[in-house]
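Source file my_file_2.cif; content: mmCIF, C-alpha atoms.
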```cif
data_coords
#
loop_
_atom_site.label_atom_id
_atom_site.label_comp_id
_atom_site.auth_asym_id
_atom_site.auth_seq_id
_atom_site.Cartn_x
_atom_site.Cartn_y
_atom_site.Cartn_z
CA MET A 1 -1.73 -25.29 -25.18
CA LYS A 2 -1.97 -21.96 -26.88
CA LEU A 3 1.25 -20.00 -27.09
CA LEU A 4 0.97 -16.26 -26.59
CA ARG A 5 3.36 -13.40 -27.36
CA TRP A 6 3.67 -10.18 -25.40
CA ASN A 7 5.75 -7.31 -26.80
CA ASN A 8 8.04 -9.93 -28.38
CA GLU A 9 9.64 -10.36 -24.96
CA LYS A 10 7.27 -12.34 -22.79
CA CYS A 11 6.47 -15.99 -23.42
CA LEU A 12 3.18 -16.75 -21.70
CA GLN A 13 0.78 -19.64 -21.78
CA ASP A 14 -2.72 -20.25 -20.45
CA ASP A 15 -2.96 -20.69 -16.68
CA SER A 16 -5.33 -23.03 -14.90
CA PHE A 17 -9.08 -22.58 -14.65
CA LEU A 18 -8.64 -21.83 -10.96
CA LEU A 19 -6.54 -18.76 -11.77
CA ARG A 20 -9.20 -17.43 -14.12
CA VAL A 21 -11.98 -17.90 -11.57
CA SER A 22 -9.87 -16.34 -8.79
CA ILE A 23 -8.97 -13.25 -10.82
CA ALA A 24 -12.56 -12.79 -11.95
CA PHE A 25 -13.82 -12.78 -8.38
CA TYR A 26 -11.01 -10.51 -7.20
CA ARG A 27 -12.17 -7.91 -9.70
CA ILE A 28 -15.43 -7.58 -7.74
CA ASN A 29 -15.10 -4.53 -5.52
CA MET A 30 -17.45 -5.73 -2.77
CA LYS A 31 -16.73 -7.42 0.52
CA LYS A 32 -19.30 -10.02 -0.36
CA GLY A 33 -17.46 -10.79 -3.58
CA ARG A 34 -14.12 -11.13 -1.78
CA ALA A 35 -15.69 -13.47 0.75
CA VAL A 36 -17.00 -15.64 -2.08
CA VAL A 37 -13.55 -16.05 -3.64
CA LEU A 38 -12.02 -17.13 -0.34
CA ILE A 39 -14.77 -19.69 0.18
CA LEU A 40 -14.34 -20.91 -3.40
CA LEU A 41 -10.59 -21.37 -2.97
CA MET A 42 -11.05 -23.32 0.25
CA GLN A 43 -13.72 -25.56 -1.23
CA ILE A 44 -11.76 -26.53 -4.34
CA GLY A 45 -9.36 -28.63 -2.31
CA THR A 46 -6.11 -28.60 -0.37
CA PRO A 47 -3.75 -29.22 -3.32
CA TYR A 48 -4.70 -25.82 -4.73
CA ILE A 49 -4.95 -23.76 -1.55
CA GLY A 50 -1.26 -22.97 -1.36
CA TRP A 51 -0.68 -22.11 -4.94
CA SER A 52 -1.33 -18.38 -4.77
CA GLN A 53 2.20 -17.57 -3.63
CA ALA A 54 5.46 -19.45 -3.99
CA CYS A 55 8.32 -17.07 -3.18
CA CYS A 56 6.32 -14.69 -1.00
CA SER A 57 7.29 -11.91 -3.38
CA ALA A 58 7.38 -11.12 -7.05
CA GLY A 59 10.62 -11.64 -8.91
CA THR A 60 13.51 -12.50 -6.61
CA PRO A 61 13.94 -11.87 -2.86
CA LEU A 62 16.05 -8.72 -3.18
CA LEU A 63 16.97 -8.38 0.50
CA SER A 64 18.68 -11.77 0.43
CA SER A 65 20.69 -10.58 -2.58
CA LEU A 66 22.37 -7.59 -0.90
CA GLU A 67 26.05 -8.62 -0.86
CA LEU A 68 28.28 -5.60 -0.37
CA PRO A 69 29.13 -3.92 2.96
CA SER A 70 29.94 -0.21 3.28
CA THR A 71 32.56 1.02 0.85
CA SER A 72 35.60 3.16 1.70
CA ALA A 73 36.03 6.62 0.20
CA GLY A 74 36.71 6.63 -3.53
CA THR A 75 36.20 2.89 -3.90
CA LEU A 76 33.80 1.40 -6.43
CA GLN A 77 32.63 -2.18 -5.90
CA LEU A 78 30.64 -4.29 -8.36
CA ALA A 79 28.98 -7.64 -7.73
CA LEU A 80 27.36 -9.48 -10.66
CA THR A 81 25.35 -12.54 -9.59
CA TYR A 82 23.45 -15.27 -11.40
CA GLU A 83 21.07 -17.17 -9.12
CA TYR A 84 19.12 -20.33 -9.89
CA ASN A 85 16.20 -20.96 -7.53
CA THR A 86 14.20 -24.17 -7.81
CA LEU A 87 10.91 -24.64 -5.95
CA HIS A 88 9.72 -28.23 -5.74
CA ASP A 89 8.86 -28.64 -2.05
CA VAL A 90 5.27 -28.34 -0.84
CA LEU A 91 4.91 -27.63 2.88
CA ALA A 92 1.92 -27.43 5.19
CA GLY A 93 3.33 -25.55 8.14
CA SER A 94 6.62 -27.33 8.81
CA SER A 95 5.54 -30.67 7.29
CA THR A 96 6.63 -31.64 3.77
CA LEU A 97 3.82 -33.04 1.61
CA ASN A 98 4.20 -35.71 -1.05
CA ASP A 99 3.02 -33.56 -3.92
CA ASP A 100 4.88 -32.92 -7.17
CA SER A 101 2.03 -31.48 -9.22
CA ARG A 102 3.63 -28.04 -9.46
CA ARG A 103 7.19 -26.83 -9.98
CA ARG A 104 8.73 -23.38 -10.19
CA THR A 105 12.13 -22.12 -11.32
CA THR A 106 13.50 -18.59 -11.03
CA HIS A 107 16.56 -17.34 -12.90
CA SER A 108 17.90 -14.01 -11.60
CA LEU A 109 20.68 -11.78 -12.86
CA LEU A 110 21.62 -9.21 -10.21
CA LEU A 111 24.00 -6.27 -10.41
CA GLU A 112 24.96 -4.50 -7.18
CA THR A 113 27.07 -1.35 -7.32
CA SER A 114 28.51 0.35 -4.25
CA TYR A 115 30.53 3.56 -4.07
CA GLY A 116 32.08 5.36 -1.10
CA PHE A 117 31.64 9.15 -1.19
CA THR A 118 33.49 9.73 2.08
CA ALA A 119 34.97 7.58 4.85
CA SER A 120 31.52 7.47 6.44
CA PHE A 121 28.97 7.62 3.63
CA SER A 122 28.47 5.21 0.75
CA ALA A 123 25.58 4.16 -1.47
CA SER A 124 24.51 0.91 -3.12
CA ILE A 125 22.22 0.23 -6.06
CA LEU A 126 20.85 -3.24 -6.79
CA LEU A 127 19.29 -4.00 -10.19
CA ALA A 128 17.69 -7.27 -11.27
CA MET A 129 16.54 -9.18 -14.34
CA VAL A 130 14.15 -12.04 -13.60
CA GLN A 131 12.82 -15.03 -15.51
CA GLN A 132 10.23 -17.24 -13.85
CA GLU A 133 8.91 -20.57 -15.09
CA ARG A 134 6.01 -22.52 -13.63
CA SER A 135 4.54 -25.87 -14.65
CA ILE A 136 1.41 -27.54 -13.30
CA ARG A 137 0.74 -31.24 -13.74
CA PRO A 138 -2.83 -32.04 -12.64
CA SER A 139 -3.27 -35.16 -10.54
CA LEU A 140 -6.23 -36.13 -12.74
CA GLU A 141 -5.98 -36.59 -16.46
CA GLY A 142 -5.46 -33.25 -18.10
CA THR A 143 -3.07 -31.05 -20.01
CA GLU A 144 0.04 -29.80 -18.29
CA SER A 145 0.13 -26.01 -18.18
CA PHE A 146 3.30 -23.96 -18.45
CA LEU A 147 3.85 -20.29 -17.75
CA LYS A 148 6.97 -18.18 -18.28
CA THR A 149 7.55 -14.51 -17.52
CA ARG A 150 10.65 -12.43 -18.04
CA GLY A 151 11.58 -8.82 -17.44
CA LEU A 152 13.35 -6.14 -15.48
CA GLY A 153 12.84 -6.58 -11.74
CA ASP A 154 12.55 -3.99 -9.01
CA ALA A 155 15.60 -2.06 -7.78
CA ILE A 156 17.03 -1.11 -4.39
CA VAL A 157 18.80 2.16 -3.58
CA LEU A 158 20.51 2.14 -0.20
CA LEU A 159 22.43 4.90 1.59
CA LYS A 160 24.92 3.55 4.18
CA TYR A 161 26.67 5.20 7.11
CA ASN A 162 29.85 3.65 8.52
CA LEU A 163 29.77 4.02 12.31
CA ILE A 164 33.05 2.16 12.86
CA GLN A 165 35.55 1.54 10.06
CA ALA A 166 37.88 -1.45 10.30
CA ASN A 167 41.67 -1.04 10.17
CA ILE A 168 44.67 -3.29 10.80
CA ILE A 169 44.60 -2.76 14.56
CA ASN A 170 40.85 -2.51 15.14
CA GLN A 171 39.23 -5.04 12.81
CA ILE A 172 35.64 -4.11 13.65
CA ASP A 173 33.33 -2.74 10.99
CA LEU A 174 29.85 -1.43 11.87
CA SER A 175 27.46 0.15 9.37
CA VAL A 176 23.79 1.06 9.15
CA GLY A 177 21.71 2.09 6.18
CA ALA A 178 18.28 3.04 4.87
CA GLY A 179 16.76 3.15 1.42
CA VAL A 180 13.89 2.31 -0.86
CA LYS A 181 12.84 -0.42 -3.25
CA ILE A 182 11.82 1.16 -6.53
CA PRO A 183 9.10 -0.58 -8.59
CA LEU A 184 10.93 -0.73 -11.93
CA GLY A 185 9.58 -4.16 -12.83
CA ARG A 186 6.24 -4.72 -14.55
CA SER A 187 3.42 -5.93 -12.30
CA ASN A 188 0.57 -6.05 -14.83
CA LEU A 189 1.50 -8.86 -17.23
CA THR A 190 -1.51 -10.73 -18.60
CA ALA A 191 -2.33 -13.91 -20.51
CA ASP A 192 -5.50 -13.96 -22.62
CA GLY A 193 -6.49 -10.70 -20.95
CA ILE A 194 -6.25 -12.25 -17.47
CA LEU A 195 -3.92 -10.59 -14.99
CA LEU A 196 -1.21 -13.05 -13.95
CA PRO A 197 -0.67 -13.93 -10.26
CA ALA A 198 1.30 -11.37 -8.28
CA ASP A 199 4.15 -13.79 -7.54
CA MET A 200 4.70 -14.45 -11.27
CA GLN A 201 5.20 -10.77 -12.09
CA PRO A 202 8.77 -9.43 -12.54
CA GLY A 203 8.01 -6.58 -10.12
CA THR A 204 5.74 -5.78 -7.20
CA GLY A 205 4.42 -2.44 -8.41
CA ALA A 206 4.98 -0.85 -4.99
CA TRP A 207 7.50 1.39 -3.26
CA ASP A 208 9.00 -0.20 -0.14
CA GLY A 209 11.08 1.22 2.70
CA ILE A 210 14.29 -0.62 3.71
CA LEU A 211 16.46 -0.62 6.84
CA TRP A 212 19.87 -2.33 6.86
CA GLY A 213 22.69 -3.06 9.29
CA TYR A 214 26.07 -4.82 9.08
CA VAL A 215 28.82 -5.72 11.56
CA SER A 216 32.01 -7.73 11.13
CA GLN A 217 34.99 -8.69 13.27
CA GLY A 218 38.29 -9.80 11.80
CA PHE A 219 40.99 -11.86 13.53
CA VAL A 220 43.66 -11.79 10.82
CA PRO A 221 46.43 -12.97 10.82
CA ALA A 222 45.79 -15.55 13.55
CA PRO A 223 43.34 -17.08 13.11
CA PRO A 224 42.65 -16.11 9.47
CA LEU A 225 38.97 -15.73 10.30
CA ASN A 226 36.30 -13.09 9.84
CA VAL A 227 32.84 -13.28 11.44
CA PHE A 228 29.98 -11.08 10.34
CA ALA A 229 26.26 -10.47 10.68
CA SER A 230 23.75 -8.44 8.73
CA VAL A 231 20.07 -7.65 9.04
CA SER A 232 17.63 -6.13 6.54
CA TYR A 233 13.99 -5.18 6.96
CA ARG A 234 11.57 -4.29 4.18
CA TYR A 235 8.31 -2.48 4.90
CA THR A 236 6.15 -3.04 1.84
CA GLY A 237 3.91 -0.58 0.10
CA SER A 238 0.65 -1.27 -1.71
CA ASN A 239 0.03 -1.87 -5.41
CA ALA A 240 -3.28 -0.92 -7.04
CA ARG A 241 -3.21 -4.30 -8.77
CA PHE A 242 -6.81 -4.28 -10.00
CA GLY A 243 -7.06 -0.58 -10.82
CA ASN A 244 -7.13 2.64 -8.87
CA ASN A 245 -10.75 2.05 -7.88
CA GLN A 246 -9.80 -1.21 -6.15
CA GLU A 247 -8.16 -1.66 -2.78
CA GLY A 248 -4.44 -2.42 -2.99
CA TYR A 249 -2.45 -5.65 -2.93
CA THR A 250 0.41 -5.65 -0.40
CA PHE A 251 3.17 -8.23 -0.11
CA GLY A 252 4.16 -9.18 3.41
CA ASN A 253 6.87 -7.28 5.27
CA GLU A 254 10.20 -9.10 5.13
CA LEU A 255 13.05 -9.61 7.60
CA VAL A 256 16.36 -11.20 6.54
CA ALA A 257 19.19 -11.87 9.04
CA ASN A 258 22.57 -13.44 8.25
CA VAL A 259 25.26 -14.70 10.60
CA GLY A 260 28.41 -16.16 9.08
CA ALA A 261 32.14 -16.61 9.00
CA GLY A 262 34.83 -16.50 6.34
CA PHE A 263 38.05 -18.50 6.53
CA ARG A 264 41.12 -17.42 4.57
CA THR A 265 43.82 -19.76 3.31
CA ASP A 266 47.31 -19.19 1.95
CA ALA A 267 46.04 -20.28 -1.45
CA SER A 268 43.64 -18.35 -3.64
CA LEU A 269 40.66 -20.19 -2.12
CA ASP A 270 38.60 -18.83 0.76
CA PHE A 271 35.61 -20.48 2.38
CA SER A 272 32.47 -19.06 3.96
CA LEU A 273 29.41 -20.38 5.76
CA VAL A 274 26.31 -18.32 6.49
CA LEU A 275 23.13 -19.08 8.42
CA ARG A 276 20.26 -17.13 6.88
CA PHE A 277 16.94 -16.46 8.59
CA ARG A 278 14.08 -15.05 6.55
CA GLN A 279 10.61 -14.19 7.78
CA THR A 280 7.67 -12.62 5.96
CA THR A 281 4.24 -11.65 7.16
CA SER A 282 1.12 -12.60 5.20
CA ASP A 283 0.26 -10.76 2.02
CA ARG A 284 -2.80 -8.55 2.25
CA PHE A 285 -5.57 -7.58 -0.13
CA ALA A 286 -8.39 -5.15 0.60
CA GLY A 287 -7.31 -4.96 4.24
CA SER A 288 -7.41 -8.73 4.85
CA ASP A 289 -4.65 -11.33 5.12
CA ILE A 290 -4.35 -13.68 2.16
CA PRO A 291 -4.25 -17.35 3.25
CA ASN A 292 -1.18 -19.48 2.54
CA THR A 293 1.28 -16.60 2.37
CA GLY A 294 4.10 -15.74 4.78
CA GLY A 295 6.28 -17.87 7.00
CA LEU A 296 9.85 -18.33 8.15
CA TRP A 297 12.88 -20.01 6.61
CA LEU A 298 16.26 -20.98 8.06
CA SER A 299 18.94 -21.93 5.55
CA ALA A 300 22.65 -22.69 5.35
CA VAL A 301 24.62 -20.88 2.66
CA PRO A 302 28.07 -22.42 2.09
CA GLY A 303 30.40 -20.70 -0.35
CA VAL A 304 33.80 -20.99 -2.00
CA ASN A 305 35.65 -17.80 -3.00
CA VAL A 306 38.38 -17.79 -5.64
CA LYS A 307 40.76 -14.81 -5.78
CA VAL A 308 41.58 -14.26 -9.44
CA LEU A 309 43.37 -10.91 -9.11
CA ASP A 310 43.93 -8.45 -6.29
CA ASN A 311 40.73 -6.68 -7.27
CA LEU A 312 38.79 -9.54 -8.87
CA ALA A 313 37.19 -12.55 -7.17
CA VAL A 314 34.58 -15.20 -7.94
CA ARG A 315 32.31 -16.93 -5.49
CA VAL A 316 30.14 -20.02 -5.91
CA SER A 317 27.52 -20.65 -3.25
CA GLY A 318 24.28 -22.49 -2.57
CA GLN A 319 21.35 -22.22 -0.18
CA ILE A 320 20.21 -25.36 1.63
CA PRO A 321 16.98 -25.32 3.69
CA LEU A 322 17.41 -26.32 7.34
CA TYR A 323 14.00 -25.45 8.76
CA ARG A 324 10.81 -23.99 7.32
CA ASN A 325 7.49 -23.16 8.94
CA LEU A 326 5.03 -21.64 6.50
CA ASP A 327 1.57 -20.23 6.95
CA GLY A 328 -0.84 -22.74 5.46
CA THR A 329 0.20 -24.81 2.44
CA GLN A 330 2.80 -23.40 0.05
CA LEU A 331 5.22 -24.32 -2.69
CA THR A 332 8.67 -23.23 -1.54
CA THR A 333 12.38 -23.28 -2.36
CA SER A 334 14.13 -26.65 -2.52
CA TYR A 335 17.58 -25.15 -3.03
CA THR A 336 19.36 -22.28 -4.76
CA ALA A 337 22.72 -22.09 -6.51
CA SER A 338 24.54 -18.90 -7.44
CA ALA A 339 27.78 -17.57 -8.88
CA THR A 340 29.07 -14.04 -8.22
CA VAL A 341 31.88 -12.00 -9.74
CA PHE A 342 33.28 -9.24 -7.47
CA TYR A 343 35.31 -6.33 -8.82
CA THR A 344 36.86 -3.48 -6.83
CA MET A 345 38.37 -0.25 -8.12
CA ASN A 346 39.81 2.72 -6.23
CA LEU A 347 38.89 5.74 -8.33
CA PHE A 348 41.17 8.06 -6.37
CA GLU A 349 44.17 5.93 -7.26
CA GLU A 350 43.01 5.74 -10.88
CA LYS A 351 42.93 9.55 -11.10
CA MET A 352 46.39 9.87 -9.53
CA GLN A 353 47.81 7.54 -12.16
#
```
Could you render the structure from this file as structure tokens?
Amino acid sequence: MKLLRWNNEKCLQDDSFLLRVSIAFYRINMKKGRAVVLILLMQIGTPYIGWSQACCSAGTPLLSSLELPSTSAGTLQLALTYEYNTLHDVLAGSSTLNDDSRRRTTHSLLLETSYGFTASFSASILLAMVQQERSIRPSLEGTESFLKTRGLGDAIVLLKYNLIQANIINQIDLSVGAGVKIPLGRSNLTADGILLPADMQPGTGAWDGILWGYVSQGFVPAPPLNVFASVSYRYTGSNARFGNNQEGYTFGNELVANVGAGFRTDASLDFSLVLRFRQTTSDRFAGSDIPNTGGLWLSAVPGVNVKVLDNLAVRVSGQIPLYRNLDGTQLTTSYTASATVFYTMNLFEEKMQ
């Protein structure tokens, strides 16, 4: 396998012959040419049909990484997260296939910052660094291929409005928000002059619109319980992936909904359990749906929170698939594990001191 270097940052290796043929045909700006590539992909065989997309987005699913609710006036909140996402499962619809020819791993470092300007308005910024690794072991005799990409991911800027702010007596919090996903990450990495698949790029190359909502209800002190729900929707833009003279590539629109509860103890340990629903529509290219992209996922996200200081906490959590129903045949997440450090600072109090 030939090792390549890209700007002394990217470690890339040759992809499969199928990738090269697919990209070559996609460069043809004719409907006839696009029809040929779809026929070619379907004729090569089922084990390769689902390999075009694995996470249903480039980099890391940013909507699932939004952690912080609205922030009170003068308060700065930081959440630094490391997430490990391993993709070993191959599904055809909701059925798991016995196929271990391809594996994917995503390492994500996410920084979310939230600041409250007033009692009603706050803003959040989410930044990401992404490293993706993919290995393919052919079922027939052949050389295993390995591909690694690394870089700055896309960012989210979200403006939030607090409709109802929780207090000791009324422990209801209700917020809505809207924002954009900014294409900071590269979406044009190549190996041997061949454009890498869209889902292996650090970024999507497109501006997206985002809607967000959050509600929570506390019951402290008895019971020491807090229930919450959040919903995020991302309307994706198009990326001129094969040049301005080509029709754009568009990732599927994404919906993420969370329902969960947190349980407080007298010790420094708190516990949480979240049910996460994620749904994406099919990716599109040149006005047509791309096969084997899109689907729905239902996962459980248990977590343990450790209060280190009054303004510093650490959480360890994981994501366990409960139900998945994907469009066509796809490689998908087996599980994720993450660790988050939360820090809170009241800037008004800091100035008074």
Residues returned when the PyMOL selection byres ((chain A and resi 135) around 8) runs on this file, as a compact mmCIF listing (two decimals) with C-alpha atoms, keeping the file's coordinate frame:
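As written to disk, part38.txt reads:
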```txt
# COMPACT_ATOMS: atom_id res chain seq x y z
CA ARG A 102 3.63 -28.04 -9.46
CA ARG A 103 7.19 -26.83 -9.98
CA ARG A 104 8.73 -23.38 -10.19
CA GLU A 133 8.91 -20.57 -15.09
CA ARG A 134 6.01 -22.52 -13.63
CA ILE A 136 1.41 -27.54 -13.30
CA ARG A 137 0.74 -31.24 -13.74
CA GLU A 144 0.04 -29.80 -18.29
CA SER A 145 0.13 -26.01 -18.18
CA PHE A 146 3.30 -23.96 -18.45
CA LEU A 147 3.85 -20.29 -17.75
```
Q | Contacts of Leu158 of chain A within 10 Å, all atoms listed in the file, excl. fewer than 4 positions in-chain, as a ChimeraX atom specification | A | /A:66,114,122-126,176-181,209-212
Please dump the current selection as a short mmCIF file (atom, residue, chain, number, x, y, z; two decimals), in the coordinates of the input; keep C-alpha atoms.
```
data_model
loop_
_atom_site.label_atom_id
_atom_site.label_comp_id
_atom_site.auth_asym_id
_atom_site.auth_seq_id
_atom_site.Cartn_x
_atom_site.Cartn_y
_atom_site.Cartn_z
CA LEU A 66 22.37 -7.59 -0.90
CA SER A 114 28.51 0.35 -4.25
CA SER A 122 28.47 5.21 0.75
CA ALA A 123 25.58 4.16 -1.47
CA SER A 124 24.51 0.91 -3.12
CA ILE A 125 22.22 0.23 -6.06
CA LEU A 126 20.85 -3.24 -6.79
CA VAL A 176 23.79 1.06 9.15
CA GLY A 177 21.71 2.09 6.18
CA ALA A 178 18.28 3.04 4.87
CA GLY A 179 16.76 3.15 1.42
CA VAL A 180 13.89 2.31 -0.86
CA LYS A 181 12.84 -0.42 -3.25
CA GLY A 209 11.08 1.22 2.70
CA ILE A 210 14.29 -0.62 3.71
CA LEU A 211 16.46 -0.62 6.84
CA TRP A 212 19.87 -2.33 6.86
#
```
Q: Taking the file as shown, find all residues satisfying the PyMOL selection byres ((chain A and resi 99) around 9) and write them as a PyMOL selection string.
A: chain A and resi 47+88-90+96-98+100-102
Filtering to C-alpha atoms, could you give me those residues as a PDB file, keeping the file's coordinate frame?
```
ATOM      1  CA  PRO A  47      -3.750 -29.220  -3.320  1.00  0.00           C
ATOM      2  CA  HIS A  88       9.720 -28.230  -5.740  1.00  0.00           C
ATOM      3  CA  ASP A  89       8.860 -28.640  -2.050  1.00  0.00           C
ATOM      4  CA  VAL A  90       5.270 -28.340  -0.840  1.00  0.00           C
ATOM      5  CA  THR A  96       6.630 -31.640   3.770  1.00  0.00           C
ATOM      6  CA  LEU A  97       3.820 -33.040   1.610  1.00  0.00           C
ATOM      7  CA  ASN A  98       4.200 -35.710  -1.050  1.00  0.00           C
ATOM      8  CA  ASP A 100       4.880 -32.920  -7.170  1.00  0.00           C
ATOM      9  CA  SER A 101       2.030 -31.480  -9.220  1.00  0.00           C
ATOM     10  CA  ARG A 102       3.630 -28.040  -9.460  1.00  0.00           C
TER      11      ARG A 102
END
```
Q) What is the distance between atom CA of Gly116 of chain A and atom CA of Thr340 of chain A, in Å to one decimal? A)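 According to the coordinates, atom CA of Gly116 of chain A and atom CA of Thr340 of chain A are separated by 20.9 Å.
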Q: Would you write out, as a list in words, every residue that the PyMOL selection byres ((chain A and resi 308) around 12) captures in this file?
A: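 Applying the PyMOL selection byres ((chain A and resi 308) around 12) to the structure shown produces Ala267, Ser268, Leu269, Asp270, Asn305, Val306, Lys307, Leu309, Asp310, Asn311, Leu312, Ala313, Val314, Arg315, Val341, Phe342 and Tyr343 of chain A.
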**Q.** Nearest to Ile194 of chain A, chosen from A:Ile168, A:Asp283, A:Ser299, A:Phe242, with all atoms listed in the file counted in the distances
**A.**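 With all atoms listed in the file as the atom set, the closest residue is A:Phe242.
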Can you spit out segment 279-293 of chain A with N, CA and C atoms, as a PDB file, in the first residue's frame, from the structure just given?
```
ATOM      1  N   GLN A 279     -33.066  10.645  12.640  1.00  0.00           N
ATOM      2  CA  GLN A 279     -33.583  10.275  11.329  1.00  0.00           C
ATOM      3  C   GLN A 279     -32.977  11.187  10.280  1.00  0.00           C
ATOM      4  N   THR A 280     -32.515  10.592   9.176  1.00  0.00           N
ATOM      5  CA  THR A 280     -31.995  11.387   8.065  1.00  0.00           C
ATOM      6  C   THR A 280     -32.653  10.932   6.772  1.00  0.00           C
ATOM      7  N   THR A 281     -32.878  11.887   5.888  1.00  0.00           N
ATOM      8  CA  THR A 281     -33.365  11.546   4.562  1.00  0.00           C
ATOM      9  C   THR A 281     -32.176  11.134   3.694  1.00  0.00           C
ATOM     10  N   SER A 282     -32.463  10.628   2.512  1.00  0.00           N
ATOM     11  CA  SER A 282     -31.402  10.178   1.615  1.00  0.00           C
ATOM     12  C   SER A 282     -30.565  11.355   1.125  1.00  0.00           C
ATOM     13  N   ASP A 283     -29.280  11.117   0.931  1.00  0.00           N
ATOM     14  CA  ASP A 283     -28.435  12.100   0.274  1.00  0.00           C
ATOM     15  C   ASP A 283     -28.884  12.242  -1.174  1.00  0.00           C
ATOM     16  N   ARG A 284     -28.541  13.384  -1.761  1.00  0.00           N
ATOM     17  CA  ARG A 284     -28.951  13.623  -3.144  1.00  0.00           C
ATOM     18  C   ARG A 284     -27.764  14.137  -3.958  1.00  0.00           C
ATOM     19  N   PHE A 285     -27.748  13.746  -5.226  1.00  0.00           N
ATOM     20  CA  PHE A 285     -26.745  14.244  -6.154  1.00  0.00           C
ATOM     21  C   PHE A 285     -27.411  14.465  -7.505  1.00  0.00           C
ATOM     22  N   ALA A 286     -27.207  15.652  -8.053  1.00  0.00           N
ATOM     23  CA  ALA A 286     -27.778  15.985  -9.357  1.00  0.00           C
ATOM     24  C   ALA A 286     -29.287  15.790  -9.375  1.00  0.00           C
ATOM     25  N   GLY A 287     -29.934  16.113  -8.238  1.00  0.00           N
ATOM     26  CA  GLY A 287     -31.389  16.055  -8.182  1.00  0.00           C
ATOM     27  C   GLY A 287     -31.971  14.682  -7.946  1.00  0.00           C
ATOM     28  N   SER A 288     -31.143  13.667  -7.724  1.00  0.00           N
ATOM     29  CA  SER A 288     -31.636  12.300  -7.515  1.00  0.00           C
ATOM     30  C   SER A 288     -31.146  11.763  -6.178  1.00  0.00           C
ATOM     31  N   ASP A 289     -31.978  10.924  -5.548  1.00  0.00           N
ATOM     32  CA  ASP A 289     -31.586  10.285  -4.299  1.00  0.00           C
ATOM     33  C   ASP A 289     -30.443   9.310  -4.540  1.00  0.00           C
ATOM     34  N   ILE A 290     -29.494   9.272  -3.605  1.00  0.00           N
ATOM     35  CA  ILE A 290     -28.395   8.317  -3.668  1.00  0.00           C
ATOM     36  C   ILE A 290     -28.797   7.063  -2.900  1.00  0.00           C
ATOM     37  N   PRO A 291     -28.723   5.891  -3.498  1.00  0.00           N
ATOM     38  CA  PRO A 291     -29.124   4.659  -2.804  1.00  0.00           C
ATOM     39  C   PRO A 291     -28.272   4.417  -1.565  1.00  0.00           C
ATOM     40  N   ASN A 292     -28.849   3.684  -0.612  1.00  0.00           N
ATOM     41  CA  ASN A 292     -28.135   3.251   0.584  1.00  0.00           C
ATOM     42  C   ASN A 292     -27.652   4.417   1.440  1.00  0.00           C
ATOM     43  N   THR A 293     -28.439   5.452   1.525  1.00  0.00           N
ATOM     44  CA  THR A 293     -28.189   6.574   2.430  1.00  0.00           C
ATOM     45  C   THR A 293     -29.502   6.928   3.113  1.00  0.00           C
TER      46      THR A 293
END
```
